[in-house]
file data_39.csv (CSV, C-alpha atoms and all ligand atoms)
chain,number,residue,atom,x,y,z
A,1,MET,CA,30.1,-153.6,32.2
A,2,LYS,CA,26.8,-153.2,33.9
A,3,THR,CA,23.7,-153.1,31.7
A,4,ILE,CA,20.3,-151.7,32.6
A,5,THR,CA,17.5,-152.4,30.1
A,6,VAL,CA,14.6,-150.0,29.8
A,7,LYS,CA,11.5,-151.6,28.4
A,8,ALA,CA,9.6,-148.6,27.2
A,9,SER,CA,7.9,-148.1,23.7
A,10,ILE,CA,11.2,-149.3,22.5
A,11,SER,CA,13.6,-151.4,24.6
A,12,TYR,CA,17.1,-150.1,25.0
A,13,ASN,CA,20.2,-150.6,27.1
A,14,ILE,CA,22.1,-148.3,29.4
A,15,TYR,CA,25.7,-149.4,29.5
A,16,ILE,CA,27.6,-148.3,32.7
A,17,GLU,CA,31.3,-148.8,32.7
A,18,ARG,CA,34.4,-146.8,33.4
A,19,GLY,CA,36.3,-146.1,30.2
A,20,SER,CA,33.3,-147.0,28.0
A,21,ILE,CA,33.6,-143.7,26.1
A,22,LYS,CA,36.8,-145.0,24.5
A,23,ASN,CA,34.9,-148.1,23.3
A,24,CYS,CA,31.7,-146.3,22.2
A,25,GLY,CA,32.3,-147.2,18.5
A,26,ASN,CA,32.0,-150.9,19.2
A,27,ILE,CA,29.0,-150.5,21.5
A,28,ILE,CA,27.2,-148.3,18.9
A,29,ALA,CA,28.2,-150.7,16.0
A,30,ASP,CA,26.5,-153.5,18.0
A,31,THR,CA,23.4,-151.3,18.5
A,32,VAL,CA,22.6,-149.8,15.1
A,33,LYS,CA,22.8,-151.1,11.5
A,34,THR,CA,24.1,-147.9,9.9
A,35,ARG,CA,27.8,-147.0,9.6
A,36,ARG,CA,27.1,-143.3,9.1
A,37,THR,CA,26.7,-141.0,12.1
A,38,ALA,CA,26.7,-137.3,13.1
A,39,VAL,CA,28.1,-136.4,16.6
A,40,ILE,CA,26.4,-133.4,18.1
A,41,THR,CA,28.3,-131.8,21.0
A,42,ASP,CA,29.3,-128.5,22.6
A,43,ASP,CA,32.7,-126.7,22.5
A,44,ILE,CA,33.8,-127.7,26.0
A,45,VAL,CA,32.9,-131.4,25.7
A,46,ASP,CA,34.4,-131.5,22.2
A,47,GLY,CA,37.7,-130.3,23.6
A,48,LEU,CA,37.6,-133.0,26.2
A,49,TYR,CA,36.2,-136.1,24.4
A,50,GLY,CA,35.4,-135.2,20.8
A,51,LYS,CA,38.5,-136.8,19.4
A,52,THR,CA,38.2,-139.9,21.6
A,53,VAL,CA,34.6,-140.5,20.4
A,54,THR,CA,35.4,-139.8,16.8
A,55,ASP,CA,38.4,-142.1,16.8
A,56,SER,CA,36.5,-144.9,18.4
A,57,LEU,CA,33.6,-144.6,15.9
A,58,GLU,CA,36.0,-144.5,12.9
A,59,LYS,CA,37.9,-147.5,14.3
A,60,ALA,CA,34.5,-149.4,14.5
A,61,GLY,CA,33.9,-148.6,10.8
A,62,PHE,CA,31.7,-145.4,11.0
A,63,SER,CA,32.0,-142.4,8.8
A,64,VAL,CA,31.6,-139.5,11.2
A,65,CYS,CA,30.7,-135.8,10.9
A,66,LYS,CA,30.5,-133.5,13.9
A,67,PHE,CA,28.5,-130.4,14.8
A,68,VAL,CA,29.8,-128.3,17.7
A,69,PHE,CA,27.8,-125.4,19.3
A,70,PRO,CA,28.7,-123.1,22.2
A,71,ASN,CA,28.3,-124.6,25.7
A,72,GLY,CA,25.4,-123.4,27.8
A,73,GLU,CA,21.6,-123.3,28.2
A,74,SER,CA,21.3,-120.4,25.7
A,75,SER,CA,22.2,-122.8,23.0
A,76,LYS,CA,19.1,-124.9,23.6
A,77,SER,CA,17.3,-122.7,21.1
A,78,THR,CA,15.4,-122.8,17.8
A,79,GLU,CA,18.5,-121.1,16.3
A,80,THR,CA,20.8,-124.0,17.3
A,81,LEU,CA,18.2,-126.5,16.3
A,82,ASN,CA,18.0,-125.0,12.8
A,83,GLN,CA,21.7,-125.1,12.5
A,84,ILE,CA,21.7,-128.8,13.5
A,85,TYR,CA,19.0,-129.5,10.8
A,86,THR,CA,21.0,-127.7,8.2
A,87,PHE,CA,24.2,-129.5,9.2
A,88,LEU,CA,22.4,-132.9,9.0
A,89,CYS,CA,21.0,-131.9,5.5
A,90,GLU,CA,24.4,-130.8,4.3
A,91,ASN,CA,26.0,-134.0,5.4
A,92,ASN,CA,23.3,-136.2,3.8
A,93,ILE,CA,22.2,-137.8,7.0
A,94,THR,CA,19.2,-140.0,6.2
A,95,ARG,CA,16.4,-141.7,8.2
A,96,THR,CA,18.4,-144.9,8.5
A,97,ASP,CA,21.5,-143.2,10.0
A,98,CYS,CA,21.9,-142.2,13.6
A,99,ILE,CA,23.0,-139.2,15.5
A,100,ILE,CA,25.0,-139.1,18.7
A,101,ALA,CA,24.5,-136.7,21.7
A,102,LEU,CA,27.9,-136.2,23.3
A,103,GLY,CA,27.6,-133.9,26.4
A,104,GLY,CA,25.4,-132.8,29.2
A,105,GLY,CA,21.7,-132.1,29.5
A,106,VAL,CA,21.6,-129.3,26.9
A,107,VAL,CA,23.3,-131.4,24.2
A,108,GLY,CA,21.2,-134.5,25.1
A,109,ASP,CA,17.9,-132.6,25.0
A,110,ILE,CA,18.4,-130.7,21.7
A,111,THR,CA,20.0,-133.6,19.9
A,112,GLY,CA,17.1,-135.9,21.1
A,113,PHE,CA,14.6,-133.3,19.8
A,114,ALA,CA,16.4,-133.1,16.5
A,115,ALA,CA,16.3,-136.9,16.3
A,116,ALA,CA,12.6,-136.9,17.1
A,117,THR,CA,11.8,-134.4,14.3
A,118,PHE,CA,14.4,-134.4,11.5
A,119,LEU,CA,13.0,-136.5,8.6
A,120,ARG,CA,10.1,-137.4,11.0
A,121,GLY,CA,12.5,-139.2,13.3
A,122,LEU,CA,15.8,-141.1,13.2
A,123,ASP,CA,17.8,-143.0,15.8
A,124,TYR,CA,20.0,-141.4,18.4
A,125,ILE,CA,22.4,-142.4,21.0
A,126,GLN,CA,23.2,-140.7,24.3
A,127,ILE,CA,26.7,-140.4,25.6
A,128,PRO,CA,26.1,-138.2,28.7
A,129,THR,CA,29.1,-136.5,30.2
A,130,THR,CA,27.7,-134.8,33.4
A,131,LEU,CA,26.3,-136.6,36.4
A,132,LEU,CA,23.0,-134.9,35.9
A,133,ALA,CA,22.8,-136.1,32.3
A,134,GLN,CA,23.9,-139.7,33.3
A,135,ILE,CA,21.4,-140.2,36.0
A,136,ASP,CA,18.5,-138.1,34.7
A,137,SER,CA,18.2,-136.4,31.4
A,138,SER,CA,19.8,-139.0,29.1
A,139,VAL,CA,17.3,-141.7,30.3
A,140,GLY,CA,13.6,-141.8,29.7
A,141,GLY,CA,13.3,-140.0,26.3
A,142,LYS,CA,12.3,-136.5,27.3
A,143,THR,CA,13.7,-134.2,24.6
A,144,ALA,CA,13.2,-130.4,24.3
A,145,ILE,CA,14.4,-127.0,23.4
A,146,ASP,CA,13.7,-123.7,25.2
A,147,LEU,CA,11.6,-120.8,23.9
A,148,PRO,CA,12.1,-117.1,24.9
A,149,CYS,CA,9.0,-117.5,27.1
A,150,GLY,CA,10.2,-120.6,29.1
A,151,LYS,CA,12.4,-123.7,29.4
A,152,ASN,CA,11.7,-127.0,27.6
A,153,LEU,CA,8.4,-125.7,26.1
A,154,VAL,CA,8.8,-127.5,22.8
A,155,GLY,CA,9.7,-131.1,23.0
A,156,ALA,CA,8.9,-134.7,22.3
A,157,PHE,CA,9.2,-138.2,23.9
A,158,LYS,CA,11.9,-140.0,21.9
A,159,GLN,CA,13.7,-142.8,23.5
A,160,PRO,CA,17.4,-143.3,22.5
A,161,LYS,CA,18.8,-146.5,21.0
A,162,CYS,CA,21.2,-146.8,23.9
A,163,VAL,CA,22.9,-144.8,26.6
A,164,ILE,CA,26.7,-145.0,27.3
A,165,CYS,CA,27.6,-143.9,30.8
A,166,ASP,CA,31.3,-143.7,31.6
A,167,SER,CA,31.8,-142.5,35.2
A,168,ASP,CA,35.5,-141.7,34.5
A,169,VAL,CA,34.3,-138.6,32.6
A,170,LEU,CA,32.8,-137.3,35.8
A,171,SER,CA,36.3,-136.6,37.1
A,172,THR,CA,36.7,-133.6,34.8
A,173,LEU,CA,33.6,-131.9,36.1
A,174,SER,CA,33.8,-128.7,38.2
A,175,ASP,CA,32.5,-128.9,41.8
A,176,GLU,CA,29.6,-126.8,40.8
A,177,ILE,CA,28.5,-129.2,38.0
A,178,LEU,CA,29.0,-132.2,40.2
A,179,SER,CA,26.9,-130.7,43.0
A,180,ASP,CA,24.2,-129.9,40.3
A,181,GLY,CA,23.9,-133.6,39.6
A,182,MET,CA,24.1,-134.6,43.3
A,183,ALA,CA,20.9,-132.8,43.9
A,184,GLU,CA,19.1,-135.2,41.6
A,185,ALA,CA,20.9,-138.2,43.2
A,186,ILE,CA,19.7,-137.0,46.6
A,187,LYS,CA,16.2,-136.7,45.1
A,188,TYR,CA,16.3,-140.4,44.0
A,189,GLY,CA,17.3,-141.4,47.5
A,190,MET,CA,14.4,-139.4,49.0
A,191,ILE,CA,11.7,-140.7,46.6
A,192,ARG,CA,12.7,-144.3,46.3
A,193,ASP,CA,15.8,-145.6,48.1
A,194,SER,CA,16.7,-145.0,51.7
A,195,ARG,CA,19.9,-147.0,51.3
A,196,LEU,CA,21.0,-144.7,48.5
A,197,PHE,CA,20.1,-141.7,50.6
A,198,ASP,CA,22.1,-143.0,53.6
A,199,LEU,CA,25.1,-143.8,51.4
A,200,ILE,CA,25.0,-140.3,49.9
A,201,ALA,CA,24.5,-138.7,53.3
A,202,SER,CA,27.5,-140.5,54.8
A,203,HIS,CA,29.8,-138.9,52.1
A,204,THR,CA,30.4,-135.4,51.0
A,205,LEU,CA,31.3,-133.6,47.8
A,206,GLU,CA,35.0,-134.1,48.7
A,207,ASN,CA,34.8,-137.9,48.7
A,208,VAL,CA,31.8,-138.7,46.6
A,209,SER,CA,34.0,-140.2,43.9
A,210,GLU,CA,34.4,-143.3,46.1
A,211,ILE,CA,30.7,-144.1,45.6
A,212,ILE,CA,30.0,-142.5,42.3
A,213,ASP,CA,29.5,-145.9,40.4
A,214,ASP,CA,26.9,-146.9,43.0
A,215,ILE,CA,25.1,-143.6,42.7
A,216,VAL,CA,25.0,-143.8,38.9
A,217,TYR,CA,23.8,-147.4,38.9
A,218,SER,CA,21.2,-147.0,41.6
A,219,SER,CA,19.8,-143.7,40.3
A,220,VAL,CA,19.5,-145.0,36.7
A,221,SER,CA,17.8,-148.2,38.0
A,222,ILE,CA,15.2,-146.0,39.8
A,223,LYS,CA,14.7,-143.9,36.7
A,224,ARG,CA,14.3,-147.0,34.6
A,225,ASP,CA,11.6,-148.4,36.9
A,226,VAL,CA,9.7,-145.1,36.9
A,227,VAL,CA,9.9,-144.6,33.1
A,228,GLU,CA,8.8,-148.2,32.5
A,229,ASN,CA,5.7,-147.7,34.6
A,230,ASP,CA,4.8,-144.3,33.1
A,231,GLU,CA,6.8,-143.4,30.0
A,232,PHE,CA,4.6,-140.5,29.0
A,233,ASP,CA,4.5,-138.7,32.3
A,234,THR,CA,0.8,-139.0,33.2
A,235,GLY,CA,1.2,-140.5,36.7
A,236,GLU,CA,4.0,-142.1,38.6
A,237,ARG,CA,6.7,-140.3,36.6
A,238,MET,CA,5.6,-137.1,38.4
A,239,ILE,CA,7.5,-138.4,41.5
A,240,LEU,CA,10.7,-137.4,39.7
A,241,ASN,CA,9.5,-133.8,40.1
A,242,PHE,CA,10.2,-133.9,43.9
A,243,GLY,CA,11.6,-130.4,44.6
A,244,HIS,CA,11.0,-129.3,41.0
A,245,THR,CA,7.7,-127.4,41.3
A,246,LEU,CA,9.4,-124.8,43.5
A,247,GLY,CA,12.8,-125.4,42.0
A,248,HIS,CA,11.6,-124.4,38.5
A,249,ALA,CA,10.1,-121.2,40.1
A,250,VAL,CA,13.5,-120.4,41.7
A,251,GLU,CA,15.4,-120.9,38.5
A,252,SER,CA,12.9,-118.7,36.6
A,253,TYR,CA,12.8,-116.0,39.3
A,254,TYR,CA,16.6,-115.6,39.0
A,255,ASN,CA,16.4,-115.7,35.2
A,256,TYR,CA,18.3,-119.1,35.1
A,257,GLU,CA,21.5,-117.2,36.0
A,258,THR,CA,22.0,-117.3,39.7
A,259,TYR,CA,21.4,-121.0,40.5
A,260,THR,CA,22.0,-124.2,38.7
A,261,HIS,CA,19.1,-126.6,38.2
A,262,GLY,CA,20.4,-128.8,41.0
A,263,SER,CA,20.7,-125.9,43.5
A,264,ALA,CA,17.1,-124.8,42.7
A,265,VAL,CA,15.8,-128.4,43.2
A,266,ALA,CA,17.7,-128.6,46.5
A,267,MET,CA,16.0,-125.5,47.7
A,268,GLY,CA,12.6,-126.8,46.3
A,269,MET,CA,13.0,-130.1,48.2
A,270,CYS,CA,13.7,-128.3,51.5
A,271,MET,CA,10.8,-125.8,51.1
A,272,ILE,CA,8.2,-128.5,50.5
A,273,THR,CA,9.7,-130.8,53.2
A,274,GLU,CA,9.6,-128.0,55.7
A,275,ARG,CA,5.9,-127.4,55.1
A,276,GLU,CA,4.7,-131.0,55.0
A,277,CYS,CA,7.1,-133.3,56.9
A,278,ALA,CA,8.4,-134.2,60.3
A,279,PRO,CA,11.4,-132.0,61.5
A,280,GLU,CA,13.8,-135.0,61.6
A,281,ILE,CA,13.2,-135.6,57.9
A,282,LEU,CA,13.9,-132.0,57.1
A,283,GLU,CA,17.1,-132.1,59.2
A,284,LYS,CA,18.5,-135.2,57.5
A,285,LEU,CA,17.7,-133.7,54.1
A,286,LYS,CA,19.3,-130.3,54.9
A,287,ASN,CA,22.4,-132.0,56.3
A,288,CYS,CA,22.8,-134.1,53.2
A,289,ILE,CA,22.2,-131.2,50.8
A,290,THR,CA,24.7,-129.0,52.7
A,291,ALA,CA,27.4,-131.8,52.5
A,292,TYR,CA,27.2,-131.4,48.7
A,293,ARG,CA,27.5,-127.6,48.9
A,294,LEU,CA,24.0,-127.0,47.7
A,295,PRO,CA,21.7,-124.3,49.2
A,296,VAL,CA,18.8,-125.2,51.6
A,297,LYS,CA,17.2,-121.8,51.7
A,298,CYS,CA,16.1,-119.3,49.1
A,299,ASP,CA,15.9,-115.5,49.5
A,300,ALA,CA,13.3,-115.0,46.9
A,301,PRO,CA,9.9,-113.9,48.3
A,302,VAL,CA,7.5,-116.8,48.5
A,303,HIS,CA,4.6,-115.0,46.9
A,304,GLU,CA,6.8,-114.3,43.8
A,305,LEU,CA,7.8,-118.0,43.6
A,306,LEU,CA,4.1,-118.9,43.9
A,307,LYS,CA,3.2,-116.7,40.9
A,308,LEU,CA,5.8,-118.6,38.9
A,309,CYS,CA,4.5,-122.0,40.1
A,310,SER,CA,1.1,-121.2,38.8
A,311,ASN,CA,2.6,-120.7,35.4
A,312,ASP,CA,4.5,-124.0,35.5
A,313,LYS,CA,3.8,-126.3,32.5
A,314,LYS,CA,3.0,-129.2,34.9
A,315,ARG,CA,0.0,-127.2,36.3
A,316,GLU,CA,-3.4,-128.7,35.2
A,317,SER,CA,-6.5,-126.5,35.0
A,318,GLY,CA,-6.4,-124.7,38.4
A,319,ASN,CA,-4.6,-127.6,40.2
A,320,ILE,CA,-0.9,-128.2,41.1
A,321,ASN,CA,0.7,-131.6,41.5
A,322,TYR,CA,3.5,-131.7,44.0
A,323,ILE,CA,5.6,-134.4,45.6
A,324,VAL,CA,6.2,-135.0,49.3
A,325,CYS,CA,8.4,-137.6,51.0
A,326,ARG,CA,7.2,-138.1,54.6
A,327,GLU,CA,9.6,-141.0,54.9
A,328,ILE,CA,13.0,-141.2,53.3
A,329,GLY,CA,12.6,-143.5,50.3
A,330,LYS,CA,8.8,-143.0,49.8
A,331,ALA,CA,7.2,-140.4,47.6
A,332,GLU,CA,3.5,-139.3,47.4
A,333,ILE,CA,1.9,-137.3,44.6
A,334,LYS,CA,-0.4,-134.7,46.0
A,335,ARG,CA,-2.9,-132.8,43.9
A,336,VAL,CA,-4.4,-129.6,45.3
A,337,THR,CA,-5.9,-126.4,43.9
A,338,VAL,CA,-3.5,-123.5,43.3
A,339,ASP,CA,-5.1,-121.7,46.2
A,340,GLU,CA,-4.5,-124.6,48.6
A,341,PHE,CA,-0.9,-124.8,47.4
A,342,ASN,CA,-0.4,-121.1,48.0
A,343,ARG,CA,-1.9,-121.2,51.5
A,344,LEU,CA,0.4,-124.2,52.3
A,345,MET,CA,3.5,-122.4,51.2
A,346,GLU,CA,2.6,-119.1,52.8
A,347,GLY,CA,1.9,-121.0,56.1
A,348,LYS,CA,-1.7,-119.8,56.3
B,401,LIG,N1,13.5,-135.4,34.5
B,401,LIG,C1,12.2,-135.8,34.9
B,401,LIG,C2,11.7,-136.9,34.0
B,401,LIG,O1,12.5,-137.4,33.2
B,401,LIG,O2,10.6,-137.2,34.0

call {"tool": "encode", "arguments": {"input": "data_39.csv", "output": "structure tokens", "more": "lines below"}}
Ligand code: GLY
result
Amino acid sequence: MKTITVKASISYNIYIERGSIKNCGNIIADTVKTRRTAVITDDIVDGLYGKTVTDSLEKAGFSVCKFVFPNGESSKSTETLNQIYTFLCENNITRTDCIIALGGGVVGDITGFAAATFLRGLDYIQIPTTLLAQIDSSVGGKTAIDLPCGKNLVGAFKQPKCVICDSDVLSTLSDEILSDGMAEAIKYGMIRDSRLFDLIASHTLENVSEIIDDIVYSSVSIKRDVVENDEFDTGERMILNFGHTLGHAVESYYNYETYTHGSAVAMGMCMITERECAPEILEKLKNCITAYRLPVKCDAPVHELLKLCSNDKKRESGNINYIVCREIGKAEIKRVTVDEFNRLMEGK
């Protein structure tokens, strides 16, 4: 088993091992004192891994209750959050117990937010089951729910007690969900690790399973380094937003229906690279993105995307921070006025 330790406001381990989901009970028993836990998951993940996780927890001596909600972003809502709170109350979960997020980004984000707020905070464990959740959302303690007026608008920083990553579970993902995560892996290569980028670029969606362990380990290591330096997202952590300023605008323009987050980020990385970087960097990026069946071009009018960028929650009083990679493996944070950003993107 590979272990990556994150030294943030609390220290915690990320365990990376094939098959570890079957042994999650023992790992969690070694991490927390309580032997009472609630598993929070969605209906698709429950069908695939709910019983494996519950059996493993019970074998390790836990009493387990489970809350299952419908799969999908629309569940990351105040309604589901209220149902989770009610479920935790009804099952007498106390501040010394822990809750477990079993699933992708939606499950991890809402469970983390419930853990940050229920009884003013209790421990939680992440068992991420998508590539995106393993390499990004389960690590670093960002938790949130969506509001009708936007994604992730209510949230908290709450680090998990541990993260259990089993790359065997990635074999049940559809191509679309795997591609979604690959956009974030390509992002890690672009911002911090040219070796990782070259490795990813020398494979395709068809044979990426051969290198998936390396991708998970390398990506999580980069995320760990960034989070340790800037847990609360006031500086260096912004580099993780490469492709996201425009990517969020693309997702929002299409009402979060047409493109996955990863597809939108892929387009966002290409758009900013096209404006700011040498053509050979753009070509390498586009070839890599295409190999993972992600889009490189967006049909939405630029001026519509720019209106949405200026509503982005990462905007700061008239300024926009965005990330460029003039070399593969190196990211720069740029801060410009909204007007300057608009002129850059419109090619004026
Ligand atoms: N997903 C970006 C971050 O964790 O900061």

call {"tool": "atom_distance", "arguments": {"input": "data_39.csv", "atom1": "CA of Asp30 (chain A)", "atom2": "CA of Arg18 (chain A)"}}
result
18.6 Å

call {"tool": "closest_residue", "arguments": {"input": "data_39.csv", "among": "A:Ser77, A:Ile10, A:Glu58, A:Phe341", "to": "Pro148 (chain A)", "atoms": "all atoms listed in the file"}}
result
A:Ser77

call {"tool": "residues_near_ligand", "arguments": {"input": "data_39.csv", "ligand": "ligand LIG 401 (chain B)", "cutoff": "8 Å", "atoms": "only C-alpha atoms and all ligand atoms", "output": "list in words"}}
result
Asp136, Ser137, Val139, Gly140, Gly141, Lys142, Lys223, Val227, Asp233, Arg237, Met238, Leu240 and Asn241 of chain A

call {"tool": "residues_around", "arguments": {"input": "data_39.csv", "residues": "region 262-267 of chain A", "least_positions_apart": "3", "cutoff": "12 Å", "atoms": "only C-alpha atoms", "output": "JSON, numbers by chain"}}
result
{"A": [131, 132, 133, 136, 176, 177, 178, 179, 180, 181, 182, 183, 184, 185, 186, 187, 190, 240, 241, 242, 243, 244, 245, 246, 247, 248, 249, 250, 251, 252, 253, 254, 255, 256, 257, 258, 259, 270, 271, 272, 273, 274, 282, 285, 286, 287, 288, 289, 290, 291, 292, 293, 294, 295, 296, 297, 298, 299, 300, 305]}

call {"tool": "closest_atom_pairs", "arguments": {"input": "data_39.csv", "of": "region 60-123 of chain A", "to": "region 47-50 of chain A", "cutoff": "10 Å", "atoms": "all atoms listed in the file", "output": "JSON lines"}}
result
{"residue": "A:Lys66", "atom": "CA", "partner": "A:Gly50", "partner_atom": "CA", "distance": 8.6}
{"residue": "A:Val68", "atom": "CA", "partner": "A:Gly50", "partner_atom": "CA", "distance": 9.4}
{"residue": "A:Leu102", "atom": "CA", "partner": "A:Gly50", "partner_atom": "CA", "distance": 8.0}
{"residue": "A:Gly103", "atom": "CA", "partner": "A:Tyr49", "partner_atom": "CA", "distance": 9.1}

call {"tool": "write_last_selection", "arguments": {"input": "data_39.csv", "atoms": "C-alpha atoms", "output": "mmCIF file, in the coordinates of the input"}}
result
data_model
loop_
_atom_site.group_PDB
_atom_site.id
_atom_site.type_symbol
_atom_site.label_atom_id
_atom_site.label_comp_id
_atom_site.auth_asym_id
_atom_site.auth_seq_id
_atom_site.Cartn_x
_atom_site.Cartn_y
_atom_site.Cartn_z
ATOM 1 C CA LYS A 66 30.500 -133.500 13.900
ATOM 2 C CA VAL A 68 29.800 -128.300 17.700
ATOM 3 C CA LEU A 102 27.900 -136.200 23.300
ATOM 4 C CA GLY A 103 27.600 -133.900 26.400
#

call {"tool": "atom_distance", "arguments": {"input": "data_39.csv", "atom1": "CA of Arg195 (chain A)", "atom2": "CA of Ile164 (chain A)"}}
result
25.0 Å

call {"tool": "decode", "arguments": {"input": "data_39.csv", "residues": "region 190-204 of chain A", "atoms": "N, CA, C and O atoms", "output": "mmCIF file, in the first residue's frame"}}
result
data_model
loop_
_atom_site.group_PDB
_atom_site.id
_atom_site.type_symbol
_atom_site.label_atom_id
_atom_site.label_comp_id
_atom_site.auth_asym_id
_atom_site.auth_seq_id
_atom_site.Cartn_x
_atom_site.Cartn_y
_atom_site.Cartn_z
ATOM 1 N N MET A 190 0.261 19.508 -16.678
ATOM 2 C CA MET A 190 0.527 20.851 -17.223
ATOM 3 C C MET A 190 1.064 21.793 -16.145
ATOM 4 O O MET A 190 1.983 22.567 -16.391
ATOM 5 N N ILE A 191 0.469 21.746 -14.953
ATOM 6 C CA ILE A 191 0.851 22.767 -13.954
ATOM 7 C C ILE A 191 2.130 22.408 -13.191
ATOM 8 O O ILE A 191 2.818 23.279 -12.695
ATOM 9 N N ARG A 192 2.446 21.109 -13.063
ATOM 10 C CA ARG A 192 3.520 20.753 -12.136
ATOM 11 C C ARG A 192 4.464 19.627 -12.564
ATOM 12 O O ARG A 192 5.482 19.426 -11.943
ATOM 13 N N ASP A 193 4.124 18.851 -13.590
ATOM 14 C CA ASP A 193 4.887 17.602 -13.749
ATOM 15 C C ASP A 193 4.939 17.203 -15.224
ATOM 16 O O ASP A 193 4.041 16.535 -15.725
ATOM 17 N N SER A 194 6.030 17.604 -15.893
ATOM 18 C CA SER A 194 6.113 17.307 -17.334
ATOM 19 C C SER A 194 6.251 15.799 -17.568
ATOM 20 O O SER A 194 5.795 15.280 -18.583
ATOM 21 N N ARG A 195 6.861 15.064 -16.603
ATOM 22 C CA ARG A 195 6.942 13.608 -16.762
ATOM 23 C C ARG A 195 5.539 13.005 -16.791
ATOM 24 O O ARG A 195 5.215 12.175 -17.638
ATOM 25 N N LEU A 196 4.688 13.461 -15.867
ATOM 26 C CA LEU A 196 3.311 12.946 -15.833
ATOM 27 C C LEU A 196 2.588 13.308 -17.135
ATOM 28 O O LEU A 196 1.896 12.479 -17.726
ATOM 29 N N PHE A 197 2.791 14.544 -17.601
ATOM 30 C CA PHE A 197 2.127 14.946 -18.849
ATOM 31 C C PHE A 197 2.575 14.039 -19.994
ATOM 32 O O PHE A 197 1.738 13.532 -20.764
ATOM 33 N N ASP A 198 3.906 13.808 -20.113
ATOM 34 C CA ASP A 198 4.409 12.978 -21.225
ATOM 35 C C ASP A 198 3.874 11.555 -21.126
ATOM 36 O O ASP A 198 3.543 10.940 -22.138
ATOM 37 N N LEU A 199 3.794 11.046 -19.889
ATOM 38 C CA LEU A 199 3.262 9.682 -19.703
ATOM 39 C C LEU A 199 1.813 9.611 -20.182
ATOM 40 O O LEU A 199 1.435 8.706 -20.935
ATOM 41 N N ILE A 200 1.019 10.592 -19.757
ATOM 42 C CA ILE A 200 -0.397 10.605 -20.164
ATOM 43 C C ILE A 200 -0.497 10.779 -21.683
ATOM 44 O O ILE A 200 -1.277 10.088 -22.357
ATOM 45 N N ALA A 201 0.336 11.677 -22.217
ATOM 46 C CA ALA A 201 0.270 11.975 -23.662
ATOM 47 C C ALA A 201 0.703 10.778 -24.509
ATOM 48 O O ALA A 201 0.337 10.694 -25.678
ATOM 49 N N SER A 202 1.467 9.855 -23.918
ATOM 50 C CA SER A 202 1.912 8.698 -24.698
ATOM 51 C C SER A 202 0.912 7.542 -24.595
ATOM 52 O O SER A 202 1.187 6.437 -25.068
ATOM 53 N N HIS A 203 -0.219 7.772 -23.945
ATOM 54 C CA HIS A 203 -1.294 6.770 -23.859
ATOM 55 C C HIS A 203 -2.586 7.391 -24.379
ATOM 56 O O HIS A 203 -2.615 8.557 -24.761
ATOM 57 N N THR A 204 -3.643 6.597 -24.352
ATOM 58 C CA THR A 204 -4.961 7.094 -24.791
ATOM 59 C C THR A 204 -6.005 6.547 -23.808
ATOM 60 O O THR A 204 -5.681 5.726 -22.938
#
